[in-house]
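Enquirer: Okay, so here is my_file-v8.cif, and as you'll see once you scroll down, it has mmCIF, C-alpha atoms and all ligand atoms.
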```cif
data_target
loop_
_atom_site.label_atom_id
_atom_site.label_comp_id
_atom_site.auth_asym_id
_atom_site.auth_seq_id
_atom_site.Cartn_x
_atom_site.Cartn_y
_atom_site.Cartn_z
CA MET W 1 8.11 21.30 -28.08
CA SER W 2 9.53 17.74 -28.21
CA ILE W 3 8.84 15.35 -25.36
CA LEU W 4 12.51 15.56 -24.35
CA GLU W 5 12.27 19.36 -24.09
CA GLU W 6 9.00 19.13 -22.18
CA ILE W 7 10.52 16.72 -19.64
CA LYS W 8 13.51 19.04 -19.24
CA ARG W 9 11.21 22.04 -18.67
CA LEU W 10 9.05 20.11 -16.18
CA LYS W 11 12.13 18.92 -14.29
CA GLU W 12 13.19 22.52 -13.75
CA GLU W 13 9.69 23.79 -12.95
CA LYS W 14 9.02 21.01 -10.40
CA LYS W 15 12.58 20.88 -9.03
CA ALA W 16 12.92 17.21 -9.84
CA VAL W 17 15.75 14.83 -10.65
CA ILE W 18 15.44 11.66 -12.67
CA LEU W 19 17.34 8.56 -11.52
CA ALA W 20 17.46 5.56 -13.85
CA HIS W 21 18.76 2.01 -13.64
CA ASN W 22 21.25 0.74 -16.24
CA TYR W 23 18.64 -1.68 -17.68
CA GLN W 24 16.21 1.09 -18.64
CA PRO W 25 15.38 1.61 -22.33
CA SER W 26 18.10 3.79 -23.85
CA GLU W 27 15.67 6.64 -24.60
CA ILE W 28 15.29 7.04 -20.83
CA TYR W 29 19.04 7.67 -20.49
CA GLN W 30 18.48 10.89 -22.47
CA VAL W 31 16.34 12.45 -19.73
CA ALA W 32 18.05 10.92 -16.68
CA ASP W 33 20.26 13.01 -14.40
CA PHE W 34 21.98 9.84 -13.25
CA VAL W 35 22.07 6.26 -14.55
CA GLY W 36 23.60 3.51 -12.41
CA ASP W 37 23.41 0.20 -10.57
CA SER W 38 21.38 -0.38 -7.40
CA LEU W 39 24.15 0.64 -5.02
CA GLU W 40 24.99 3.83 -6.92
CA LEU W 41 21.31 4.74 -7.19
CA ALA W 42 20.77 4.25 -3.45
CA LYS W 43 23.77 6.46 -2.66
CA LYS W 44 22.63 9.08 -5.17
CA ALA W 45 19.05 9.09 -3.82
CA LYS W 46 20.32 9.70 -0.29
CA ASP W 47 22.01 12.95 -1.37
CA VAL W 48 19.31 14.37 -3.64
CA GLN W 49 18.57 18.02 -2.81
CA ALA W 50 15.71 18.50 -5.28
CA ASP W 51 12.07 18.25 -4.13
CA ILE W 52 11.11 15.29 -6.30
CA ILE W 53 12.86 12.09 -7.38
CA VAL W 54 11.42 10.45 -10.49
CA PHE W 55 12.64 6.87 -10.48
CA CYS W 56 12.98 4.97 -13.74
CA GLY W 57 13.46 1.38 -12.68
CA VAL W 58 11.48 -1.05 -10.52
CA LYS W 59 9.56 -0.57 -7.28
CA PHE W 60 12.11 -1.80 -4.72
CA MET W 61 14.60 0.76 -6.06
CA ALA W 62 12.10 3.61 -5.68
CA GLU W 63 11.25 2.37 -2.17
CA THR W 64 14.95 2.39 -1.27
CA ALA W 65 15.20 6.00 -2.51
CA LYS W 66 12.19 6.96 -0.36
CA ILE W 67 13.59 5.20 2.72
CA LEU W 68 16.96 6.95 2.34
CA ASN W 69 15.51 10.38 1.66
CA PRO W 70 12.02 10.38 3.21
CA SER W 71 11.37 14.13 2.98
CA LYS W 72 11.41 13.92 -0.84
CA LYS W 73 8.50 12.96 -3.02
CA VAL W 74 9.51 9.78 -4.91
CA LEU W 75 7.59 8.90 -8.07
CA LEU W 76 7.97 5.60 -9.92
CA ALA W 77 7.65 6.42 -13.63
CA ALA W 78 6.28 2.99 -14.60
CA LYS W 79 3.72 2.37 -11.88
CA GLN W 80 3.48 -1.41 -12.47
CA ALA W 81 7.23 -2.09 -12.63
CA GLY W 82 8.17 -4.62 -9.96
CA CYS W 83 11.01 -7.09 -9.51
CA ARG W 84 9.67 -10.65 -9.76
CA MET W 85 12.46 -11.94 -7.54
CA ALA W 86 11.68 -9.37 -4.83
CA GLU W 87 8.11 -10.73 -4.72
CA MET W 88 9.33 -14.29 -4.03
CA VAL W 89 10.03 -13.63 -0.33
CA ASP W 90 7.95 -11.71 2.19
CA ALA W 91 8.36 -10.61 5.80
CA GLY W 92 6.49 -13.67 7.13
CA MET W 93 8.89 -16.04 5.36
CA VAL W 94 11.87 -14.23 6.87
CA ARG W 95 10.29 -14.46 10.34
CA ALA W 96 9.90 -18.22 9.88
CA MET W 97 13.55 -18.57 8.83
CA LYS W 98 14.67 -16.61 11.89
CA LYS W 99 12.71 -18.98 14.11
CA LYS W 100 14.37 -21.97 12.47
CA TYR W 101 17.89 -20.47 12.68
CA PRO W 102 17.87 -18.25 15.80
CA GLN W 103 21.67 -17.76 15.79
CA ALA W 104 21.80 -16.53 12.20
CA VAL W 105 22.08 -12.96 10.96
CA VAL W 106 19.71 -12.08 8.09
CA ALA W 107 21.17 -10.54 4.96
CA CYS W 108 18.77 -9.41 2.26
CA TYR W 109 19.50 -8.50 -1.31
CA VAL W 110 18.36 -4.93 -1.99
CA ASN W 111 15.92 -6.61 -4.43
CA THR W 112 13.36 -7.06 -1.62
CA THR W 113 10.26 -5.09 -0.66
CA ALA W 114 10.49 -2.48 2.10
CA GLU W 115 8.26 -4.73 4.19
CA THR W 116 10.70 -7.67 3.86
CA LYS W 117 13.62 -5.40 4.77
CA THR W 118 11.97 -4.64 8.14
CA GLU W 119 12.84 -8.22 9.22
CA CYS W 120 16.45 -8.16 8.00
CA ASP W 121 19.70 -7.14 9.70
CA VAL W 122 21.73 -6.01 6.74
CA CYS W 123 21.17 -5.33 3.06
CA VAL W 124 23.53 -6.06 0.16
CA THR W 125 23.65 -5.31 -3.54
CA SER W 126 25.31 -7.21 -6.38
CA ALA W 127 28.26 -4.79 -6.07
CA ASN W 128 29.09 -5.52 -2.43
CA ALA W 129 27.39 -8.79 -1.33
CA ALA W 130 30.47 -10.88 -0.40
CA LYS W 131 32.23 -7.89 1.19
CA VAL W 132 29.24 -7.07 3.41
CA VAL W 133 28.54 -10.70 4.39
CA ASN W 134 32.20 -11.36 5.21
CA SER W 135 32.34 -8.32 7.46
CA LEU W 136 29.54 -9.64 9.72
CA PRO W 137 30.61 -11.22 13.03
CA GLN W 138 28.08 -14.10 12.85
CA GLU W 139 29.11 -17.43 11.28
CA GLN W 140 25.63 -18.34 10.07
CA VAL W 141 23.86 -16.11 7.52
CA ILE W 142 20.31 -16.39 6.20
CA PHE W 143 20.41 -14.90 2.69
CA VAL W 144 17.19 -13.83 0.91
CA PRO W 145 15.77 -13.95 -1.71
CA ASP W 146 18.31 -14.84 -4.43
CA LYS W 147 19.62 -18.41 -4.17
CA ASN W 148 22.16 -17.69 -6.93
CA LEU W 149 23.62 -14.51 -5.47
CA GLY W 150 23.61 -16.27 -2.08
CA ALA W 151 25.47 -19.29 -3.50
CA ASN W 152 27.96 -16.99 -5.22
CA VAL W 153 28.54 -15.22 -1.90
CA ALA W 154 29.00 -18.59 -0.16
CA ALA W 155 31.66 -19.51 -2.74
CA ASN W 156 33.62 -16.44 -1.59
CA SER W 157 33.07 -16.84 2.14
CA LYS W 158 33.84 -19.21 5.02
CA LYS W 159 30.40 -18.57 6.51
CA GLU W 160 27.47 -20.95 6.48
CA VAL W 161 25.01 -19.30 4.08
CA ILE W 162 21.41 -20.51 4.35
CA LEU W 163 19.50 -19.99 1.11
CA VAL W 164 15.85 -19.76 0.10
CA ASP W 165 14.41 -20.59 -3.31
CA GLY W 166 14.24 -17.11 -4.89
CA TYR W 167 15.83 -16.28 -8.23
CA CYS W 168 15.78 -13.79 -11.08
CA TYR W 169 14.12 -15.40 -14.11
CA VAL W 170 16.31 -13.30 -16.45
CA HIS W 171 19.67 -14.43 -15.02
CA ASN W 172 18.66 -17.90 -13.82
CA ASP W 173 17.98 -18.87 -17.45
CA ILE W 174 21.57 -18.23 -18.57
CA ARG W 175 23.09 -21.70 -19.11
CA VAL W 176 26.52 -23.32 -19.29
CA LYS W 177 25.86 -23.96 -23.01
CA ASP W 178 25.47 -20.18 -23.53
CA VAL W 179 28.99 -19.68 -22.12
CA GLN W 180 30.38 -22.51 -24.28
CA ARG W 181 28.79 -21.02 -27.39
CA ALA W 182 30.15 -17.54 -26.60
CA ARG W 183 33.66 -18.91 -26.01
CA ALA W 184 33.55 -20.61 -29.40
CA LEU W 185 32.18 -17.54 -31.18
CA TYR W 186 34.33 -14.87 -29.45
CA PRO W 187 37.47 -16.62 -28.14
CA GLN W 188 39.30 -13.34 -27.46
CA ALA W 189 36.46 -11.66 -25.54
CA PRO W 190 36.40 -11.73 -21.73
CA ILE W 191 32.99 -12.81 -20.41
CA MET W 192 31.37 -10.62 -17.76
CA ILE W 193 28.58 -12.17 -15.70
CA HIS W 194 26.09 -10.80 -13.19
CA PRO W 195 26.12 -12.69 -9.84
CA GLU W 196 22.36 -13.36 -10.05
CA SER W 197 23.36 -16.10 -12.49
CA CYS W 198 23.75 -19.77 -11.47
CA PRO W 199 27.08 -20.63 -9.75
CA GLU W 200 27.98 -23.24 -12.42
CA VAL W 201 27.68 -20.51 -15.06
CA VAL W 202 29.50 -17.88 -12.98
CA GLU W 203 32.50 -20.13 -12.42
CA LEU W 204 33.08 -20.43 -16.19
CA CYS W 205 33.16 -16.64 -16.71
CA ASP W 206 36.00 -14.13 -16.34
CA HIS W 207 34.51 -11.21 -14.39
CA VAL W 208 31.65 -11.34 -11.86
CA CYS W 209 30.15 -7.84 -11.83
CA SER W 210 27.22 -5.69 -10.83
CA THR W 211 25.88 -3.79 -13.85
CA SER W 212 28.04 -0.70 -13.21
CA GLN W 213 31.09 -2.80 -12.41
CA MET W 214 30.75 -4.12 -15.99
CA ILE W 215 31.37 -0.57 -17.21
CA SER W 216 34.51 -0.29 -15.06
CA VAL W 217 35.83 -3.63 -16.37
CA ALA W 218 35.11 -2.66 -19.98
CA LYS W 219 36.97 0.65 -19.51
CA SER W 220 39.99 -0.71 -17.67
CA ASN W 221 40.48 -4.03 -19.50
CA GLY W 222 42.59 -3.79 -22.67
CA ALA W 223 40.33 -6.16 -24.64
CA SER W 224 38.46 -4.69 -27.59
CA SER W 225 35.37 -6.91 -27.26
CA PHE W 226 33.39 -8.44 -24.39
CA VAL W 227 30.59 -10.90 -23.84
CA VAL W 228 27.95 -9.54 -21.46
CA GLY W 229 26.02 -11.94 -19.22
CA THR W 230 23.10 -9.93 -17.92
CA GLU W 231 19.89 -8.21 -19.04
CA ILE W 232 20.41 -7.03 -22.62
CA GLY W 233 19.69 -3.37 -21.77
CA MET W 234 23.23 -3.30 -20.44
CA ILE W 235 24.59 -3.68 -23.97
CA ALA W 236 23.29 -0.22 -24.96
CA LYS W 237 24.77 1.30 -21.82
CA LEU W 238 28.18 -0.31 -22.41
CA ARG W 239 28.20 0.81 -26.06
CA GLN W 240 27.43 4.34 -24.95
CA GLU W 241 30.20 4.32 -22.32
CA CYS W 242 32.81 2.60 -24.54
CA PRO W 243 31.97 3.46 -28.16
CA ASP W 244 35.26 2.01 -29.45
CA LYS W 245 34.67 -1.46 -28.00
CA LYS W 246 32.34 -4.29 -29.03
CA PHE W 247 29.78 -5.95 -26.74
CA PHE W 248 27.94 -9.20 -27.42
CA PRO W 249 25.10 -10.58 -25.27
CA LEU W 250 25.72 -13.93 -23.59
CA LYS W 251 22.00 -14.56 -24.00
CA ALA W 252 20.23 -12.35 -26.52
CA ASP W 253 16.74 -12.87 -25.06
CA ALA W 254 17.68 -12.01 -21.46
CA VAL W 255 15.03 -9.32 -21.03
CA CYS W 256 13.55 -8.00 -17.78
CA GLN W 257 9.97 -7.23 -18.78
CA ASP W 258 9.41 -4.85 -15.88
CA MET W 259 12.51 -2.78 -16.59
CA LYS W 260 11.21 -2.26 -20.12
CA LEU W 261 7.86 -0.82 -19.02
CA THR W 262 9.14 2.75 -18.65
CA GLU W 263 8.25 5.16 -21.47
CA LEU W 264 9.14 8.84 -21.93
CA GLN W 265 5.42 9.69 -21.82
CA MET W 266 5.18 8.12 -18.33
CA VAL W 267 8.11 10.21 -17.13
CA LYS W 268 6.42 13.33 -18.44
CA ASP W 269 3.02 12.40 -16.96
CA CYS W 270 4.28 11.67 -13.48
CA LEU W 271 6.32 14.89 -13.47
CA GLN W 272 3.29 16.87 -14.59
CA LEU W 273 0.75 15.22 -12.28
CA GLY W 274 2.93 14.17 -9.34
CA SER W 275 1.45 10.70 -9.79
CA ASN W 276 2.73 7.21 -8.89
CA GLU W 277 4.06 8.38 -5.54
CA ILE W 278 5.81 5.82 -3.31
CA VAL W 279 4.03 5.91 0.04
CA LEU W 280 5.36 3.84 2.95
CA GLU W 281 4.37 3.79 6.62
CA LYS W 282 6.88 5.58 8.84
CA ASP W 283 7.36 2.49 10.96
CA VAL W 284 8.20 0.38 7.88
CA MET W 285 10.62 3.04 6.61
CA ASP W 286 12.39 3.35 9.96
CA LYS W 287 12.84 -0.41 10.36
CA ALA W 288 13.87 -0.99 6.72
CA LYS W 289 16.36 1.88 6.89
CA GLY W 290 18.36 0.03 9.55
CA CYS W 291 19.53 -2.69 7.20
CA ILE W 292 20.23 -0.31 4.31
CA ASP W 293 22.25 2.04 6.56
CA LYS W 294 24.24 -0.91 7.85
CA MET W 295 25.13 -1.88 4.26
CA LEU W 296 26.19 1.68 3.43
CA ALA W 297 28.40 1.75 6.51
CA LEU W 298 30.04 -1.60 5.62
CA SER W 299 30.56 -1.09 1.87
P1 LIG I 301 22.65 -4.11 -10.23
O1 LIG I 301 22.64 -3.59 -8.85
O2 LIG I 301 23.88 -4.88 -10.58
O3 LIG I 301 22.39 -3.02 -11.20
O4 LIG I 301 21.49 -5.20 -10.37
C1 LIG I 301 20.15 -4.92 -10.17
C2 LIG I 301 19.29 -5.92 -10.76
O5 LIG I 301 18.12 -5.94 -10.57
C3 LIG I 301 19.93 -6.92 -11.58
O6 LIG I 301 18.99 -7.76 -12.10
FE1 LIG I 302 14.42 -8.23 -10.72
FE2 LIG I 302 15.71 -9.80 -12.42
FE3 LIG I 302 14.41 -7.70 -13.34
FE4 LIG I 302 16.67 -7.37 -11.90
S1 LIG I 302 16.47 -8.33 -13.91
S2 LIG I 302 14.75 -6.21 -11.66
S3 LIG I 302 16.44 -9.06 -10.45
S4 LIG I 302 13.49 -9.48 -12.31
#
```
Represent the structure of the file as structure tokens.
Ligand code: 13P
Ligand code: SF4

Expert:
Amino acid sequence: MSILEEIKRLKEEKKAVILAHNYQPSEIYQVADFVGDSLELAKKAKDVQADIIVFCGVKFMAETAKILNPSKKVLLAAKQAGCRMAEMVDAGMVRAMKKKYPQAVVACYVNTTAETKTECDVCVTSANAAKVVNSLPQEQVIFVPDKNLGANVAANSKKEVILVDGYCYVHNDIRVKDVQRARALYPQAPIMIHPESCPEVVELCDHVCSTSQMISVAKSNGASSFVVGTEIGMIAKLRQECPDKKFFPLKADAVCQDMKLTELQMVKDCLQLGSNEIVLEKDVMDKAKGCIDKMLALS
């Protein structure tokens, strides 16, 4: 039996579903029941009926699935896969910010640990950040951890957005010169950019999108080729979704090391053994759920 067949058999036997992020290696798409961006994955996880969720992505995503559907067993296929940006801010740092800005509401990117979320008022993803922040009544907003997403929100808001020094090393390294080079090489191709990129880069691009919003743009825009400013795993996903169109990376070495840790063998092993379970204290889950629920209500 091939590994793909074995995973399929185990999924049925264990009553499991596999959720995967768009950046996962393309072989993982073959076994996933759903592939999407952070917002779509959170919504999907909430409605899962199966007993087990195998998450192919990074830890904060699996934690979000557990928080939204706590009666399910959530397994993270690649045990070590974390988000380096999520690790840049912790609950203590958020408490200190709240002390400094007592009037401010705290918005956290979903790319935060469950522990950090316990100190935050509302969560956002790359698909809804400006919409959620603009719908808050407070004028002052502490935004953690991504200084770039926060600055891109501020550019689309009248609110005072207070930033911290977190960033995604994959997107923060995309430079203005990469956009200039792409414009010269592919003058007809619209450039799509993820909002974790620096504001000076974002303002030169044509579409600011979460990973799944890139798929919508590629499908609805009449252009036949696009430049893609995000982790390069997205190129495979876009080619799969739009086989008649061409996609070129804005930065060919934009690789998230942690997203690439997942292997088919790991998916099979955790299904078979029930290993790599996400375990969170009830108190942490209850507090963190507040800010995620608020986002889902506002977006
Ligand atoms: P999306 O929600 O756009 O998929 O982004 C998640 C992420 O980690 C991007 O680096
Ligand atoms: Fe985190 Fe960046 Fe990797 Fe996304 S691409 S999971 S933000 S390190």

Enquirer: Skip range 89-98 of chain W itself and residues of its chain fewer than 5 positions away, then list as a list of chain:residue names all residues within 7 Å of it, counting only C-alpha atoms.

Expert: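 What passes the distance filter is W:Glu115, W:Thr116, W:Glu119, W:Pro145.
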
Enquirer: Assuming 5 Å of padding per side, give the centre and edge lengths of the axis-aligned box around every listed atom of ligand LIG 302 (chain I), in Å to one decimal and as lines of an AutoDock Vina configuration file.

Expert:
```
center_x = 15.1
center_y = -8.0
center_z = -12.2
size_x = 13.2
size_y = 13.6
size_z = 13.5
```

Enquirer: Counting only C-alpha atoms and all ligand atoms, what are the residues, protein, DNA or RNA alike, that approach ligand LIG 301 (chain I) to within 6 Å? I want them as a VMD selection string.

Expert: chain W and resid 37 to 39 125 to 126 210 to 211

Enquirer: With C-alpha atoms retained, export the selected residues as a PDB file, in the frame of the given file.

Expert:
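Contents of part-v9.pdb, as written:
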```pdb
ATOM      1  CA  ASP W  37      23.410   0.200 -10.570  1.00  0.00           C
ATOM      2  CA  SER W  38      21.380  -0.380  -7.400  1.00  0.00           C
ATOM      3  CA  LEU W  39      24.150   0.640  -5.020  1.00  0.00           C
ATOM      4  CA  THR W 125      23.650  -5.310  -3.540  1.00  0.00           C
ATOM      5  CA  SER W 126      25.310  -7.210  -6.380  1.00  0.00           C
ATOM      6  CA  SER W 210      27.220  -5.690 -10.830  1.00  0.00           C
ATOM      7  CA  THR W 211      25.880  -3.790 -13.850  1.00  0.00           C
TER       8      THR W 211
END
```

Enquirer: Which of these residues is nearest to ligand LIG 302 (chain I), using all atoms listed in the file: W:Ala155, W:Met192, W:Met85, W:Val122?

Expert: W:Met85

Enquirer: Quote the spacing between CA of Met1 in chain W and CA of Lys15 in chain W in Å to one decimal place.

Expert: 19.6 Å

Enquirer: Which of these residues is nearest to ligand LIG 302 (chain I), using all atoms listed in the file: W:Gln49, W:Ser212, W:Thr230, W:Asn152?

Expert: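 Of the candidates, the smallest distance to ligand LIG 302 (chain I) is held by W:Thr230.
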
Enquirer: Point out the residue among W:Val58, W:Leu280, W:Met88, W:Ile191 with the least atom-to-atom distance to ligand LIG 302 (chain I), counting all atoms listed in the file.

Expert: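 Of all the options, W:Val58 lies closest to ligand LIG 302 (chain I).
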
Enquirer: Between W:Gly150, W:Pro102, W:Gly166, W:Pro199, single out the one closest to ligand LIG 302 (chain I), counting all atoms listed in the file.

Expert: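 Among W:Gly150, W:Pro102, W:Gly166, W:Pro199, it is W:Gly166 that comes nearest to ligand LIG 302 (chain I).
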
Enquirer: From the set W:Cys83, W:Met214, W:Ala45, W:Met61, which residue has the shortest atom-to-atom contact distance to His21 in chain W, counting all atoms listed in the file?

Expert: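 Once distances to His21 in chain W are computed over all atoms listed in the file, the minimum belongs to W:Met61.
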
Enquirer: Pick the closest to ligand LIG 302 (chain I) from W:Glu139, W:Asp286, W:Asp146, W:Glu63: which is it, counting all atoms listed in the file?

Expert: W:Asp146

Enquirer: Any idea what's packed within 12 Å of Tyr29 in chain W, counting all atoms listed in the file, ignoring anything in its chain fewer than 5 positions away? Could you give it as a short mmCIF file (atom, residue, chain, number, x, y, z; two decimals) with C-alpha atoms, in the coordinates of the input?

Expert:
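Saved file out-v9.cif follows:
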```cif
data_model
loop_
_atom_site.label_atom_id
_atom_site.label_comp_id
_atom_site.auth_asym_id
_atom_site.auth_seq_id
_atom_site.Cartn_x
_atom_site.Cartn_y
_atom_site.Cartn_z
CA LEU W 4 12.51 15.56 -24.35
CA ILE W 18 15.44 11.66 -12.67
CA LEU W 19 17.34 8.56 -11.52
CA ALA W 20 17.46 5.56 -13.85
CA HIS W 21 18.76 2.01 -13.64
CA ASN W 22 21.25 0.74 -16.24
CA TYR W 23 18.64 -1.68 -17.68
CA GLN W 24 16.21 1.09 -18.64
CA PHE W 34 21.98 9.84 -13.25
CA VAL W 35 22.07 6.26 -14.55
CA GLY W 36 23.60 3.51 -12.41
CA PHE W 55 12.64 6.87 -10.48
CA CYS W 56 12.98 4.97 -13.74
CA GLY W 57 13.46 1.38 -12.68
CA GLY W 233 19.69 -3.37 -21.77
CA MET W 234 23.23 -3.30 -20.44
CA ALA W 236 23.29 -0.22 -24.96
CA LYS W 237 24.77 1.30 -21.82
CA GLN W 240 27.43 4.34 -24.95
CA GLU W 241 30.20 4.32 -22.32
CA THR W 262 9.14 2.75 -18.65
CA GLU W 263 8.25 5.16 -21.47
CA LEU W 264 9.14 8.84 -21.93
CA VAL W 267 8.11 10.21 -17.13
#
```

Enquirer: Set the distance at 10 Å and use only C-alpha atoms: which residues neighbour Gln265 in chain W once local chain neighbours fewer than 5 positions away are removed? I'd like the list as a list in words.

Expert: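 My reading of the contact set: Ile3, Leu4, Ile7, Ala77, Ala78, Cys270 and Leu271 of chain W.
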
Enquirer: Name all residues at most 7 Å from range 273-277 of chain W (count only C-alpha atoms; drop same-chain ones fewer than 6 positions away) and give them as a PyMOL selection string.

Expert: chain W and resi 73-77+79

Enquirer: Any residue with an atom at most 7 Å from ligand LIG 302 (chain I) counts, using only C-alpha atoms and all ligand atoms. Which are they? Put them as a PyMOL selection string.

Expert: chain W and resi 58+82-86+111+168-171+231+256+258-259

Enquirer: Rounded to one decimal, what separation in Å do you get between CA of Tyr101 in chain W and CA of Leu136 in chain W?

Expert: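 Taking CA of Tyr101 in chain W as the start and CA of Leu136 in chain W as the end point, the length is 16.2 Å.
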
Enquirer: When you draw a straight line from CA of Val284 in chain W to CA of His194 in chain W, how long is it in Å?

Expert: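 These two atoms are separated by 29.8 Å.
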